[in-house]
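Novice: File follows, coords-v4.pdb with PDB, C-alpha atoms:
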MODEL        1
ATOM      1  CA  MET A   1      -0.369  20.179   7.428
ATOM      2  CA  ASN A   2      -4.094  20.438   7.022
ATOM      3  CA  SER A   3      -3.534  21.032   3.307
ATOM      4  CA  PHE A   4      -2.285  17.451   2.884
ATOM      5  CA  PHE A   5      -5.061  15.850   4.928
ATOM      6  CA  SER A   6      -6.466  13.874   1.983
ATOM      7  CA  LEU A   7      -3.060  12.364   1.220
ATOM      8  CA  TYR A   8      -2.522  11.493   4.876
ATOM      9  CA  LEU A   9      -5.957   9.884   5.082
ATOM     10  CA  THR A  10      -5.239   7.873   1.949
ATOM     11  CA  ASN A  11      -1.962   6.707   3.457
ATOM     12  CA  LEU A  12      -3.673   5.730   6.705
ATOM     13  CA  PHE A  13      -6.142   3.406   4.957
ATOM     14  CA  LEU A  14      -3.600   2.065   2.501
ATOM     15  CA  VAL A  15      -0.999   1.151   5.098
ATOM     16  CA  GLY A  16      -3.695  -0.103   7.461
ATOM     17  CA  GLY A  17      -4.966  -2.519   4.827
ATOM     18  CA  ALA A  18      -1.491  -3.640   3.796
ATOM     19  CA  GLY A  19      -0.404  -4.125   7.405
ATOM     20  CA  LEU A  20      -3.503  -6.137   8.185
ATOM     21  CA  LEU A  21      -2.900  -8.333   5.139
ATOM     22  CA  THR A  22       0.743  -9.003   5.992
ATOM     23  CA  THR A  23      -0.013  -9.953   9.584
ATOM     24  CA  PHE A  24      -3.069 -11.990   8.605
ATOM     25  CA  LEU A  25      -1.173 -14.045   6.028
ATOM     26  CA  ALA A  26       1.632 -14.882   8.452
ATOM     27  CA  LEU A  27      -0.812 -15.946  11.183
ATOM     28  CA  TYR A  28      -3.022 -17.821   8.713
ATOM     29  CA  LEU A  29      -0.063 -19.796   7.413
ATOM     30  CA  VAL A  30       0.978 -20.674  10.968
ATOM     31  CA  GLN A  31      -2.589 -21.802  11.687
ATOM     32  CA  GLN A  32      -2.466 -23.993   8.556
ATOM     33  CA  ASP A  33       0.806 -25.553   9.781
ATOM     34  CA  ALA A  34       2.740 -24.156   6.834
ATOM     35  CA  SER A  35       6.495 -24.413   7.098
ATOM     36  CA  THR A  36       8.584 -21.386   7.962
ATOM     37  CA  PHE A  37       9.874 -21.570   4.389
ATOM     38  CA  TRP A  38       6.467 -20.537   3.018
ATOM     39  CA  ILE A  39       6.011 -17.803   5.591
ATOM     40  CA  GLY A  40       9.460 -16.415   4.829
ATOM     41  CA  ALA A  41       8.914 -16.711   1.084
ATOM     42  CA  MET A  42       5.653 -14.745   1.327
ATOM     43  CA  SER A  43       7.413 -11.923   3.150
ATOM     44  CA  SER A  44      10.439 -12.004   0.872
ATOM     45  CA  LEU A  45       8.387 -11.789  -2.302
ATOM     46  CA  TYR A  46       6.471  -8.824  -0.930
ATOM     47  CA  TYR A  47       9.745  -6.969  -0.384
ATOM     48  CA  LEU A  48      11.050  -8.064  -3.778
ATOM     49  CA  GLY A  49       7.835  -6.581  -5.173
ATOM     50  CA  LEU A  50       8.582  -3.324  -3.389
ATOM     51  CA  MET A  51      11.982  -3.229  -5.089
ATOM     52  CA  LEU A  52      10.569  -4.009  -8.527
ATOM     53  CA  GLY A  53       7.737  -1.577  -7.928
ATOM     54  CA  SER A  54      10.177   1.318  -7.830
ATOM     55  CA  LYS A  55      10.911   0.749 -11.525
ATOM     56  CA  VAL A  56       7.319  -0.026 -12.462
ATOM     57  CA  GLY A  57       6.080   3.022 -10.557
ATOM     58  CA  TYR A  58       8.516   5.322 -12.317
ATOM     59  CA  TYR A  59       7.314   4.204 -15.744
ATOM     60  CA  LEU A  60       3.648   4.279 -14.780
ATOM     61  CA  ILE A  61       3.798   7.733 -13.206
ATOM     62  CA  SER A  62       5.759   9.179 -16.123
ATOM     63  CA  GLY A  63       3.405   7.490 -18.602
ATOM     64  CA  VAL A  64      -0.078   8.029 -17.175
ATOM     65  CA  GLY A  65       0.335  10.385 -14.214
ATOM     66  CA  HIS A  66      -0.004  10.174 -10.467
ATOM     67  CA  ILE A  67      -3.737   9.675  -9.968
ATOM     68  CA  ARG A  68      -4.125   7.037 -12.684
ATOM     69  CA  THR A  69      -1.090   5.169 -11.376
ATOM     70  CA  PHE A  70      -2.528   5.242  -7.881
ATOM     71  CA  ALA A  71      -5.974   4.052  -8.986
ATOM     72  CA  ALA A  72      -4.578   1.250 -11.157
ATOM     73  CA  SER A  73      -2.103   0.096  -8.518
ATOM     74  CA  THR A  74      -4.704   0.074  -5.760
ATOM     75  CA  ALA A  75      -7.117  -1.846  -8.000
ATOM     76  CA  ILE A  76      -4.447  -4.498  -8.635
ATOM     77  CA  VAL A  77      -3.593  -4.740  -4.935
ATOM     78  CA  THR A  78      -7.284  -5.069  -4.041
ATOM     79  CA  ALA A  79      -7.790  -7.784  -6.677
ATOM     80  CA  CYS A  80      -4.768  -9.672  -5.348
ATOM     81  CA  VAL A  81      -6.114  -9.482  -1.803
ATOM     82  CA  ALA A  82      -9.470 -10.846  -2.965
ATOM     83  CA  ALA A  83      -7.685 -13.614  -4.893
ATOM     84  CA  HIS A  84      -6.137 -14.855  -1.635
ATOM     85  CA  GLY A  85      -9.650 -15.823  -0.574
ATOM     86  CA  VAL A  86     -10.451 -17.582  -3.842
ATOM     87  CA  VAL A  87      -7.241 -19.513  -4.516
ATOM     88  CA  ASP A  88      -5.705 -21.663  -1.805
ATOM     89  CA  SER A  89      -2.356 -22.400  -3.450
ATOM     90  CA  TYR A  90       0.851 -21.208  -1.827
ATOM     91  CA  TYR A  91       2.485 -20.897  -5.248
ATOM     92  CA  VAL A  92      -0.230 -18.535  -6.442
ATOM     93  CA  TRP A  93      -0.003 -16.643  -3.155
ATOM     94  CA  LEU A  94       3.699 -16.047  -3.807
ATOM     95  CA  VAL A  95       2.835 -14.375  -7.110
ATOM     96  CA  LEU A  96       0.074 -12.398  -5.404
ATOM     97  CA  ARG A  97       2.486 -11.174  -2.711
ATOM     98  CA  LEU A  98       4.918 -10.054  -5.414
ATOM     99  CA  LEU A  99       2.150  -8.139  -7.197
ATOM    100  CA  VAL A 100       0.951  -6.581  -3.932
ATOM    101  CA  GLY A 101       4.510  -5.397  -3.263
ATOM    102  CA  ILE A 102       4.784  -3.849  -6.731
ATOM    103  CA  GLY A 103       1.402  -2.148  -6.386
ATOM    104  CA  MET A 104       2.092  -0.824  -2.913
ATOM    105  CA  MET A 105       5.424   0.655  -3.984
ATOM    106  CA  CYS A 106       3.704   2.416  -6.877
ATOM    107  CA  ASN A 107       1.248   3.876  -4.371
ATOM    108  CA  TYR A 108       4.001   4.959  -1.991
ATOM    109  CA  MET A 109       5.807   6.628  -4.876
ATOM    110  CA  VAL A 110       2.690   8.570  -5.822
ATOM    111  CA  LEU A 111       2.063   9.752  -2.273
ATOM    112  CA  GLU A 112       5.653  10.604  -1.458
ATOM    113  CA  SER A 113       6.419  12.355  -4.738
ATOM    114  CA  TRP A 114       3.219  14.353  -4.373
ATOM    115  CA  LEU A 115       4.126  15.415  -0.840
ATOM    116  CA  ASN A 116       7.725  16.124  -1.798
ATOM    117  CA  GLU A 117       6.813  18.284  -4.766
ATOM    118  CA  GLN A 118       4.154  20.347  -3.050
ATOM    119  CA  ALA A 119       5.602  20.762   0.428
ATOM    120  CA  ALA A 120       7.287  24.086   1.022
ATOM    121  CA  HIS A 121      11.013  23.643   1.594
ATOM    122  CA  GLU A 122      10.842  24.963   5.150
ATOM    123  CA  HIS A 123       7.976  22.566   6.050
ATOM    124  CA  ARG A 124       9.109  19.409   4.228
ATOM    125  CA  GLY A 125      10.355  17.701   7.382
ATOM    126  CA  GLN A 126       7.087  18.362   9.167
ATOM    127  CA  VAL A 127       5.046  17.177   6.161
ATOM    128  CA  PHE A 128       6.915  13.885   6.049
ATOM    129  CA  ALA A 129       6.763  13.504   9.831
ATOM    130  CA  TYR A 130       2.959  13.543   9.588
ATOM    131  CA  TYR A 131       3.180  11.111   6.684
ATOM    132  CA  MET A 132       5.211   8.702   8.812
ATOM    133  CA  ILE A 133       2.822   9.144  11.741
ATOM    134  CA  THR A 134      -0.106   8.146   9.513
ATOM    135  CA  SER A 135       1.935   5.181   8.259
ATOM    136  CA  TYR A 136       2.570   3.915  11.775
ATOM    137  CA  LEU A 137      -0.997   4.603  12.875
ATOM    138  CA  GLY A 138      -2.268   2.719   9.827
ATOM    139  CA  MET A 139      -0.013  -0.230  10.588
ATOM    140  CA  MET A 140      -1.173  -0.278  14.213
ATOM    141  CA  ALA A 141      -4.828   0.066  13.240
ATOM    142  CA  GLY A 142      -4.540  -2.788  10.745
ATOM    143  CA  GLN A 143      -2.960  -5.088  13.287
ATOM    144  CA  PHE A 144      -5.428  -4.009  15.976
ATOM    145  CA  ALA A 145      -8.296  -4.763  13.597
ATOM    146  CA  LEU A 146      -7.006  -8.325  13.345
ATOM    147  CA  SER A 147      -7.894  -8.840  17.009
ATOM    148  CA  ASN A 148     -11.560  -8.592  15.957
ATOM    149  CA  PHE A 149     -11.148 -11.685  13.745
ATOM    150  CA  PRO A 150     -10.026 -14.511  16.066
ATOM    151  CA  ASP A 151     -10.905 -17.274  13.576
ATOM    152  CA  LEU A 152      -8.667 -15.838  10.780
ATOM    153  CA  GLY A 153     -11.268 -16.494   8.092
ATOM    154  CA  HIS A 154     -11.855 -14.783   4.785
ATOM    155  CA  ALA A 155     -13.687 -11.909   6.475
ATOM    156  CA  VAL A 156     -10.251 -10.394   7.145
ATOM    157  CA  LEU A 157      -9.582 -10.263   3.407
ATOM    158  CA  PHE A 158     -12.893  -8.458   2.864
ATOM    159  CA  PHE A 159     -11.877  -5.950   5.512
ATOM    160  CA  VAL A 160      -8.525  -5.380   3.772
ATOM    161  CA  CYS A 161     -10.322  -4.815   0.448
ATOM    162  CA  ILE A 162     -12.627  -2.314   2.121
ATOM    163  CA  ALA A 163      -9.708  -0.393   3.653
ATOM    164  CA  LEU A 164      -7.845  -0.271   0.340
ATOM    165  CA  SER A 165     -10.954   0.844  -1.541
ATOM    166  CA  ILE A 166     -11.723   3.592   0.967
ATOM    167  CA  GLY A 167      -8.106   4.714   0.632
ATOM    168  CA  ILE A 168      -8.699   5.627  -3.012
ATOM    169  CA  VAL A 169     -11.461   8.101  -2.183
ATOM    170  CA  PRO A 170      -9.505  10.899  -0.450
ATOM    171  CA  ILE A 171      -6.768  11.068  -3.064
ATOM    172  CA  ALA A 172      -9.210  10.806  -5.970
ATOM    173  CA  THR A 173     -11.368  13.625  -4.630
ATOM    174  CA  THR A 174      -8.646  15.934  -3.337
ATOM    175  CA  ARG A 175      -8.738  19.578  -4.326
ATOM    176  CA  ARG A 176      -4.952  19.785  -4.231
ATOM    177  CA  ILE A 177      -3.204  20.500  -7.480
ATOM    178  CA  HIS A 178      -1.874  17.331  -9.032
ATOM    179  CA  PRO A 179       1.891  16.975  -9.235
ATOM    180  CA  ARG A 180       3.581  17.811 -12.501
ATOM    181  CA  PRO A 181       4.190  14.863 -14.817
ATOM    182  CA  LEU A 182       7.601  13.267 -14.484
ATOM    183  CA  LYS A 183      10.208  14.185 -17.043
ATOM    184  CA  PRO A 184      12.152  11.032 -17.839
ATOM    185  CA  ILE A 185      15.893  11.350 -17.309
ATOM    186  CA  ARG A 186      18.630   8.968 -18.305
TER     187      ARG A 186
ENDMDL
END
Please express the file's structure as structure tokens.

Specialist:
Amino acid sequence: MNSFFSLYLTNLFLVGGAGLLTTFLALYLVQQDASTFWIGAMSSLYYLGLMLGSKVGYYLISGVGHIRTFAASTAIVTACVAAHGVVDSYYVWLVLRLLVGIGMMCNYMVLESWLNEQAAHEHRGQVFAYYMITSYLGMMAGQFALSNFPDLGHAVLFFVCIALSIGIVPIATTRRIHPRPLKPIR
């Protein structure tokens, strides 16, 4: 599984940043005495974004390829994270959560289609087991990192942006052969 190390490392940082953001936003809203409606809406729109992102990701990957889709999606997610620190409107945050969900799904599609295409049939289960391990480790690391920010200030958002940005580097510099372009089917 050493041959997929760059993709696993990318996943670790990506999921770590996304997990930190999700937990931070929920705790921040509680600290601001937001109603459970807003907290639930933020989570719901993220998952709606994941659903919509499956369509957006398909068209992006088939149109511009895996690496460009990943770079563009991660840039949008990073910009949305930074915007949380600039705009303090729950309505805008709902839109940002939707966009983060769409962008993250595009990234997951790139990583998983890349692994699926290039994993040997007899090792596919093992390849995806390591992928899931890095996902869970990333989620744990993101939430553990939150314990270093007891005041829940904007420094957390900077940390998320850093994690997401670092996550681009391993996949952008990998020596692995890029997956074949998608052939649209109807």

Novice: Quick one, how far is atom CA of A:Gly101 from atom CA of A:Cys80?

Specialist: 10.4 Å

Novice: What gap, in Å, lies between atom CA of A:Leu9 and atom CA of A:Trp93?

Specialist: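 Straight-line distance from atom CA of A:Leu9 to atom CA of A:Trp93 works out to 28.4 Å.
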
Novice: Work out how far atom CA of A:Thr22 is from atom CA of A:Gly153, in Å to one decimal.

Specialist: 14.3 Å

Novice: Which residues are close to A:Cys161, i.e. within 6 Å by only C-alpha atoms, leaving aside same-chain residues fewer than 3 positions away? Reply as an MDAnalysis selection string.

Specialist: chainID A and resid 78 158 164

Novice: Given all atoms listed in the file as the basis, pick out the residue of A:Gln118, A:Ser165, A:Ser135, A:Thr69 nearest to A:Gly53.

Specialist: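 Selected residue with least distance to A:Gly53: A:Thr69.
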
Novice: Which residue, A:Tyr59, A:Tyr91, A:Trp38, A:Trp114, has the smallest gap to A:Leu25 when you use only C-alpha atoms?

Specialist: A:Trp38
